[in-house]
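Peer 1: Quick one: the structure is below, and I'll ask about it shortly.
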Amino acid sequence: WKHIDGSVERHKDREKRKEEKVQRTRSLIKLHFNTLSKCTCSHLLIFYRSEYKIKRIKVESVKKGIKRKQKEEYDEGEDKHKKKCKDKKTGDIAGKKKVKKEPEEKWKWWEEERYTDGSKWRFLEHKGPVFAPAYEPLPEHVHFYYEGKMSNLSPPAEEVATFFSKMLDHEYTTKDIFRKNFFKDWRKEMTSEEKSKITDLKKCDFSEMSQYFKAQSEARKQMTKEEKLKIKEENERILEEYGFCVMDNHKERIGNFRIEPPGLFRGRGDHPKMGMLKRRIRPEDVIINCSKDSKHPKPPPGTRWKEVRHDNKVTWLASWTENIQGSIKYIMLNPSSRIKGEKDWQKYETARRLKKCVDHIRAQYRDDWKSKEMRIRQRAVALYFIDKLALRAGNEKEEGETADTVGCCSLRVEHIKLYPELDGQDFVVEFDFLGKDSIRYYNKIPVEKRVFKNLQLFLENKQAEDDLFDRLNTSILNKHLQELMDGLTAKVFRTYNASITLQQQLKVLTSPDENVPAKVLSYNRANRAVAILCNHQRAPPKTFEKSMQSLQSKIDAKKQQLFAAKKELKVAKSESKSLHDEKSRKVVETKRKAVQRIEEQLMKLEVQATDREENKQIALGTSKLNYLDPRISVAWCKKWSIPVEKIYNKTQREKFAWAIDMADEDFEF
DNA sequence: CGCCACACTTAGCAGCGCTTGA
DNA sequence: TCAAGCGCTGCTAAGTGTGGCG
């Protein structure tokens with residue numbers, strides 16, 4: 001796919017583009033100079049940043065010349081070396097050597113060649129995961145009571161009891177399934193004596209334990225600055241030691257280097273396994289993955305790893321099997337890493353390829369609505385939903401193992417309602433089902449007559465709990481998509497539709513003469529359109545009403561202030577008219593400025609209020625992070641001279657460093 | 001073809017620390 | 001300077017999709 005995204009060409013005229021970039025930055029700074037009087041503090045900061053950047057670019061381009069030469073020599077050497085390695089089937093020795101030469105500046109992996117043989121790395125070294133701290137038994141004075149009588153628990157039983165006591169305030173400790181599952185698993189940890197005594201959860205009193213933990217967390221909050229700093233430093237030390245690995249010559253940040261601590265499982269939605277005990281993971285459960293010639297991570301003293309393997313066809317550093325669902329958990333790299341970034345980039349390139357053939361695919365599935373074969377009609381209607389409504393594919397799930405949620409292919413009869421006519425619209429389909437994370441999808445949309453007739457056909461002679469698409473599943477659908485385009489799967493439609501919507505909405509919503517905050521609001525609105533499409537919801541923040549009210553009162557106060565200021569201006573004006581002296585003219589001028597300033601502040605507040613209100617139940621983060629080609633946003637920022645910091649925070653900028661570096665203002669998704 | 005194991009992406013939420021504004 | 005509230009970050013659950021096997 002190197003050719004598909006044109007990275008070969010990109011490489012050639014990189015120098016030219018770099019020069020252009022410098023020019024752009026220069027003109028940007030000029031622009032900032034011109035508007036300096038209007039600048040707020042944050043603008044100034046950004047201005048300084050851009051100036052800093054320009055200096056760096058200059059120095060770097062001088063350095064680059066030398067560096068490139070060195071790199072070419074190195075690459076040549078490495079090529080030879082690689083061949084040798086392949087012959088002997090040894091690992092990557094060169095990788096180890098170059099680590100020390102790690103350059104100060106950020107590594108631009110996107111300017112390098114990718115592996116084409118399916119391997120993910122040549123060299124991988126890390127320190128292994130960090131385990132959850134051992135259980136600390138409760139102090140003597142904290143008791144557990146059964147039937148009102150004080151009783152001490154054995155440490156294993158006590159530990160599980162503490163998990164429950166920490167959750168007492170949560171609603172789910174009142175749920176039957178939760179309590180049942182918890183009690184069953186708790187009893188497994190008890191001694192036979194405890195088991196025979198403790199037979200009813202209702203007779204258990206955890207309140208003293210609960211109080212103790214509340215006091216503990218209160219004490220943590222009350223800690224002095226020094227104590228807090230000490231903890232912070234210790235965390236930083238652990239991060240420095242365990243939070244990074246070396247992968248192919250580069251130090252990379254690990255995403256989750258801590259093993260999940262034991263606790264009570266809380267699934268989302270109506271989960272049949274809620275309350276079950278999530279076991280403590282020991283070194284003996286953990287498989288380590290690293291390269292043969294690396295310094296292998298050491299298991300904690302007196303323990304051993306389950307296995308140490310050297311599989312460079314996968315990206316994980318460590319894995320273990322979790323006991324609730326029996327699924328495998330992994331330790332992997334941070335999104336800013338090469339291995340994640342390349343994949344992310346590739347995802348958007350696939351979506352861009354879909355853009356080129358989507359018209360054809362749409363024509364095709366519309367045609368298939370008329371097919372003689374039921375399975376083809378079902379496939380075509382499902383695909384239409386996935387395309388139009390950005391539904392997820394909908395794999396089958398094991399019944400009783402997870403919450404009852406569905407996606408497109410697993411929709412059941414009970415999840416849709418057909419209305420030949422509704423609110424003046426023809427052929428309306430009403431969707432109402434729980435999707436991923438048990439988030440409700442509710443939508444009423446008019447569809448084409450043919451789709452409607454097909455749906456009626458699919459529903460014939462079926463019960464509520466029967467599958468809507470009984471001749472279809474995700475693997476059939478994806479196999480079909482694979483034939484239409486290389487690399488095409490159901491989820492590519494979500495990516496494609498999200499990104500194209502953002503691009504198109506940005507075009508519609510951005511008005512050139514608006515100021516920066518107004519443009520950012522437009523961006524958020526475009527982002528919101530995507531979030532609505534993808535049904536990314538959130539619980540309204542607990543303090544929403546309150547904070548909205550306080551914002552409103554601020555606005556009201558501002559309005560009052562504006563009114564007063566205008567009045568003062570009027571008075572000053574009339575005074576100045578009659579007096580005709582320099583002093584009164586100056587007063588008018590200052591009053592005028594005050595009015596202007598207050599007007600600006602008011603507008604800013606109003607923009608903020610609108611933005612927040614519209615965002616009440618919609619989460620923008622997920623689409624920004626997973627569905628929107630970052631190059632669209634970066635291009636938009638460059639086009640309108642919006643600092644990219646307004647759109648992406650630090651973490652996001654790290655994840656999208658590739659896009660920030662490579663996208664020009666004329667990037668087209 | 002169906003099933004399962006596995007790898008990897010996508011998802012919402014809680015808690016905490018930093019920013020903001022009085 | 002300090003409290004309030006907001007945004008960030010980490011956490012981990014819950015999806016998607018592939019490939020191998022019988």
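Chain labels run A, B, ... following the order of the structure tokens; each chain numbers its residues from 1, and ligands are numbered from 1 in the order shown.
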Only residues of chain B matter here; which ones have an atom within 10 Å of chain A, counting only C-alpha atoms (C1' of nucleotides)? Give them as a PyMOL selection string.
Peer 2: chain B and resi 5-13
Peer 1: For the structure I just gave you, how does DSSP split region 611-646 of chain A - specifically, which residues are alpha helix (DSSP H)? Reply as a PyMOL selection string.
Peer 2: chain A and resi 611-614+621-626+630-639
Peer 1: May I have the residues within 12 Å of DG21 (chain B) as a PDB file with C-alpha atoms (C1' of nucleotides), in the first residue's frame, using only C-alpha atoms (C1' of nucleotides) and disregarding those fewer than 4 positions away in the same chain?
Peer 2:
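Result file is selection-v2.pdb:
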```
ATOM      1  CA  LYS A 554     -22.516  34.333  34.214  1.00  0.00           C
TER       2      LYS A 554
ATOM      3  C1'  DT C   1      -4.939  32.216  47.192  1.00  0.00           C
ATOM      4  C1'  DC C   2      -8.271  28.838  47.083  1.00  0.00           C
ATOM      5  C1'  DA C   3     -12.293  26.242  45.798  1.00  0.00           C
ATOM      6  C1'  DA C   4     -14.863  24.450  41.929  1.00  0.00           C
ATOM      7  C1'  DG C   5     -15.230  22.234  37.912  1.00  0.00           C
TER       8       DG C   5
END
```
Peer 1: Identify every residue of chain A that has at least one atom within 10 Å of any atom of chain C, counting only C-alpha atoms (C1' of nucleotides), and report the result as an MDAnalysis selection string.
Peer 2: chainID A and resid 255:256 258 260 265:268 329 392:395 402:403 407 435:438 474:475 478 489:491 543 547 649:651
Peer 1: Using CA of Tyr212 (chain A) and CA of Thr199 (chain A) as the two end points, give the distance in Å to one decimal.
Peer 2: 24.4 Å
Peer 1: Using only C-alpha atoms (C1' of nucleotides), determine which residues lie at most 12 Å from Gln505 (chain A), disregarding the query and same-chain residues fewer than 5 positions distant; provide the list as a VMD selection string.
Peer 2: chain A and resid 497 to 500 510 to 511 522 to 530 632 to 633 636
Peer 1: Please, could you write that set of residues out with C-alpha atoms as a short mmCIF file (atom, residue, chain, number, x, y, z; two decimals), in the first residue's frame?
Peer 2:
```
data_model
loop_
_atom_site.label_atom_id
_atom_site.label_comp_id
_atom_site.auth_asym_id
_atom_site.auth_seq_id
_atom_site.Cartn_x
_atom_site.Cartn_y
_atom_site.Cartn_z
CA ASN A 497 -18.57 7.43 6.67
CA ALA A 498 -17.25 9.08 9.82
CA SER A 499 -14.28 10.65 8.07
CA ILE A 500 -16.14 11.74 4.97
CA THR A 510 -16.61 26.81 8.60
CA SER A 511 -17.16 30.43 7.65
CA SER A 522 -17.80 24.75 14.01
CA TYR A 523 -15.23 22.01 14.26
CA ASN A 524 -16.90 20.61 17.34
CA ARG A 525 -20.21 20.68 15.53
CA ALA A 526 -18.78 18.72 12.63
CA ASN A 527 -17.26 16.32 15.14
CA ARG A 528 -20.65 16.07 16.81
CA ALA A 529 -22.36 15.16 13.56
CA VAL A 530 -20.03 12.18 13.36
CA ILE A 632 -8.59 16.01 7.79
CA SER A 633 -8.43 17.88 11.09
CA TRP A 636 -8.38 22.16 8.42
#
```
Peer 1: Measure the distance from CA of Lys343 (chain A) to CA of Glu111 (chain A) in Å and round it to one decimal.
Peer 2: 14.4 Å
